[in-house]
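Here is the structure we will look at, set down as structure tokens.
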Amino acid sequence: MSTAIVKDSAEGSSRSTTNNVNDQHQHQHPPQPPPLSRYESQKRRDWNTFGQYLKNQRPPVSLSQCNCNHVLDFLRYLDQFGKTKVHLHGCVFFGQPDPPAPCTCPLRQAWGSLDALIGRLRAAYEEHGGSPETNPFGNGAIRVYLREVRECQAKARGIPYKKKKKKKHQIKAIDEAKSSKQST
């Protein structure tokens with residue numbers, strides 16, 4: 001243990017301070033892991049939400065018993081918290097991208113939100129020890145459901161979904177890069 005005498009210049013007095021190596025270590029915090037990215041935070045939140053959903057089922061469902069039907073039920077359950085207006089076939093605004101007045105059609109989860117959610121849950125499942133072959137989030141029935149939601153919402157809003165195509169200059173640059181690799 002070392003003691004240092006410090007002269008206080010304002011008062012001209014001396015005071016004794018103790019520097020104990022153990023005290024220094026007690027005040028230092030263990031190194032903190034870097035903060036999670038937005039994606040990682042959302043993935044953790046989604047995984048916990050899905051786990052809670054399974055626990056609340058009657059009877060509760062364990063993760064090992066979970067299948068694509070549980071995932072589909074979860075996606076339908078989430079619709080009640082959606083913010084996207086999806087016009088029904090009988091609605092006068094069906095097929096109009098910008099309806100001029102409010103209507104009583106239900107709010108749903110947007111297709112893009114569901115698609116991103118499934119991607120995060122699929123990754124989380126495998127990170128928690130699940131195999132890709134048994135991943136209920138990667139099941140074909142989930143892809144079909146998402147496709148149907150996308151098409152239904154596009155029709156209801158009057159905005160057809162079109163897959164984005166690569167721009168011509170991007171394709172040309174890719175072709176040039178391939179040909180330069182082949183010539184070397």
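Identifiers in the structure tokens: chain A, B, ... in order shown; residue index from 1 per chain; ligand index from 1 in order shown.
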Can you write out as CSV which residues of region 75-134 of chain A fall within 10 Å of region 49-66 of chain A, alongside each residue's closest atom pair and its distance in Å to one decimal, counting only C-alpha atoms and ordering rows by chain and ascending residue number?
residue,atom,partner,partner_atom,distance
A:Leu75,CA,A:Phe50,CA,9.8
A:Tyr77,CA,A:Tyr53,CA,9.3
A:Leu121,CA,A:Phe50,CA,8.4
A:Tyr125,CA,A:Leu63,CA,9.2
A:Gly130,CA,A:Ser64,CA,8.7
A:Thr134,CA,A:Ser64,CA,9.7
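Using only C-alpha atoms, the protein and nucleic acid residues lying no more than 8 Å from Val86 (chain A), apart from those fewer than 4 places from it along its own chain, are Cys105, Pro106, Leu107, Arg108, Gln153, Ala156 and Arg157 of chain A.
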For those residues, write N, CA, C and O atoms to a file as a PDB file, in the first residue's frame.
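Okay, selection39.pdb is ready:
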ATOM      1  N   CYS A 105     -61.935  -0.547 -42.817  1.00  0.00           N
ATOM      2  CA  CYS A 105     -61.123  -1.725 -43.129  1.00  0.00           C
ATOM      3  C   CYS A 105     -60.061  -1.917 -42.046  1.00  0.00           C
ATOM      4  O   CYS A 105     -59.612  -0.942 -41.425  1.00  0.00           O
ATOM      5  N   PRO A 106     -59.659  -3.157 -41.842  1.00  0.00           N
ATOM      6  CA  PRO A 106     -58.727  -3.445 -40.732  1.00  0.00           C
ATOM      7  C   PRO A 106     -57.297  -2.993 -41.003  1.00  0.00           C
ATOM      8  O   PRO A 106     -56.883  -2.836 -42.151  1.00  0.00           O
ATOM      9  N   LEU A 107     -56.583  -2.784 -39.916  1.00  0.00           N
ATOM     10  CA  LEU A 107     -55.150  -2.527 -39.995  1.00  0.00           C
ATOM     11  C   LEU A 107     -54.445  -3.876 -39.883  1.00  0.00           C
ATOM     12  O   LEU A 107     -54.879  -4.758 -39.136  1.00  0.00           O
ATOM     13  N   ARG A 108     -53.390  -4.048 -40.636  1.00  0.00           N
ATOM     14  CA  ARG A 108     -52.626  -5.296 -40.645  1.00  0.00           C
ATOM     15  C   ARG A 108     -51.140  -4.981 -40.567  1.00  0.00           C
ATOM     16  O   ARG A 108     -50.717  -3.847 -40.767  1.00  0.00           O
ATOM     17  N   GLN A 153     -52.047  -7.350 -50.253  1.00  0.00           N
ATOM     18  CA  GLN A 153     -51.863  -5.944 -49.874  1.00  0.00           C
ATOM     19  C   GLN A 153     -51.618  -5.071 -51.093  1.00  0.00           C
ATOM     20  O   GLN A 153     -52.092  -3.944 -51.156  1.00  0.00           O
ATOM     21  N   ALA A 156     -55.047  -4.581 -52.716  1.00  0.00           N
ATOM     22  CA  ALA A 156     -55.907  -3.744 -51.885  1.00  0.00           C
ATOM     23  C   ALA A 156     -55.492  -2.281 -51.953  1.00  0.00           C
ATOM     24  O   ALA A 156     -56.328  -1.389 -51.861  1.00  0.00           O
ATOM     25  N   ARG A 157     -54.220  -2.037 -52.130  1.00  0.00           N
ATOM     26  CA  ARG A 157     -53.726  -0.655 -52.185  1.00  0.00           C
ATOM     27  C   ARG A 157     -53.621  -0.140 -53.615  1.00  0.00           C
ATOM     28  O   ARG A 157     -53.300   1.027 -53.835  1.00  0.00           O
TER      29      ARG A 157
END
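Of the residues under consideration (A:Trp47, A:Ala101, A:Ala154, A:Leu36), A:Trp47 shows the shortest atom-to-atom contact distance to Gly119 (chain A) when counting only C-alpha atoms.
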task = Taking the chain letters and numbering used in this document, name the residues of region 61-124 of chain A that DSSP puts in alpha helix (DSSP H), as a ChimeraX atom specification.
result = /A:68-78,111-124
inquiry  = Please list as an NGL selection string every residue within 12 Å of Asp98 (chain A), counting only C-alpha atoms and excluding residues in the same chain fewer than 2 positions away.
reply    = :A and (85-87 or 93-96 or 100-102 or 156-159)
Expected file contents, prior selection, N, CA and C atoms, as a short mmCIF file (atom, residue, chain, number, x, y, z; two decimals), in the first residue's frame:
data_model
loop_
_atom_site.label_atom_id
_atom_site.label_comp_id
_atom_site.auth_asym_id
_atom_site.auth_seq_id
_atom_site.Cartn_x
_atom_site.Cartn_y
_atom_site.Cartn_z
N LYS A 85 -53.27 -0.07 -43.43
CA LYS A 85 -54.67 -0.24 -43.81
C LYS A 85 -54.74 -1.15 -45.03
N VAL A 86 -55.49 -2.24 -44.89
CA VAL A 86 -55.66 -3.18 -46.00
C VAL A 86 -57.16 -3.21 -46.31
N HIS A 87 -57.51 -2.62 -47.46
CA HIS A 87 -58.92 -2.52 -47.85
C HIS A 87 -59.47 -3.88 -48.24
N PHE A 93 -62.80 1.92 -51.43
CA PHE A 93 -61.43 2.36 -51.67
C PHE A 93 -60.49 1.22 -52.07
N PHE A 94 -61.07 0.02 -52.23
CA PHE A 94 -60.24 -1.13 -52.61
C PHE A 94 -59.53 -0.81 -53.94
N GLY A 95 -58.24 -0.98 -53.95
CA GLY A 95 -57.45 -0.75 -55.16
C GLY A 95 -57.01 0.68 -55.36
N GLN A 96 -57.33 1.56 -54.42
CA GLN A 96 -56.91 2.96 -54.55
C GLN A 96 -55.68 3.19 -53.66
N PRO A 100 -59.43 8.94 -50.45
CA PRO A 100 -59.73 10.32 -50.05
C PRO A 100 -60.37 10.45 -48.67
N ALA A 101 -60.81 9.33 -48.08
CA ALA A 101 -61.49 9.39 -46.79
C ALA A 101 -61.18 8.13 -45.98
N PRO A 102 -61.40 8.19 -44.67
CA PRO A 102 -61.17 6.99 -43.86
C PRO A 102 -62.24 5.93 -44.11
N ALA A 156 -55.05 -4.58 -52.72
CA ALA A 156 -55.91 -3.74 -51.89
C ALA A 156 -55.49 -2.28 -51.95
N ARG A 157 -54.22 -2.04 -52.13
CA ARG A 157 -53.73 -0.65 -52.18
C ARG A 157 -53.62 -0.14 -53.61
N GLY A 158 -53.82 -1.03 -54.59
CA GLY A 158 -53.74 -0.61 -55.98
C GLY A 158 -52.32 -0.35 -56.44
N ILE A 159 -51.37 -0.92 -55.73
CA ILE A 159 -49.96 -0.74 -56.08
C ILE A 159 -49.38 -2.12 -56.38
#
ask   = Which residues come within 8 Å of Gln42 (chain A), counting only C-alpha atoms, excluding same-chain residues fewer than 4 positions away, as a list of chain:residue names?
value = A:Arg38, A:Asp46, A:Arg120
Would you mind exporting the chosen residues as a PDB file, in the first residue's frame, restricted to N, CA, C and O atoms?
ATOM      1  N   ARG A  38     -28.647  -2.399 -34.329  1.00  0.00           N
ATOM      2  CA  ARG A  38     -30.105  -2.288 -34.374  1.00  0.00           C
ATOM      3  C   ARG A  38     -30.713  -3.621 -34.799  1.00  0.00           C
ATOM      4  O   ARG A  38     -31.701  -4.079 -34.234  1.00  0.00           O
ATOM      5  N   ASP A  46     -37.438  -9.882 -31.123  1.00  0.00           N
ATOM      6  CA  ASP A  46     -38.370 -10.739 -31.863  1.00  0.00           C
ATOM      7  C   ASP A  46     -38.329 -12.168 -31.335  1.00  0.00           C
ATOM      8  O   ASP A  46     -39.372 -12.817 -31.190  1.00  0.00           O
ATOM      9  N   ARG A 120     -35.303 -12.392 -39.496  1.00  0.00           N
ATOM     10  CA  ARG A 120     -34.620 -12.302 -38.201  1.00  0.00           C
ATOM     11  C   ARG A 120     -34.864 -13.540 -37.356  1.00  0.00           C
ATOM     12  O   ARG A 120     -33.947 -14.069 -36.720  1.00  0.00           O
TER      13      ARG A 120
END
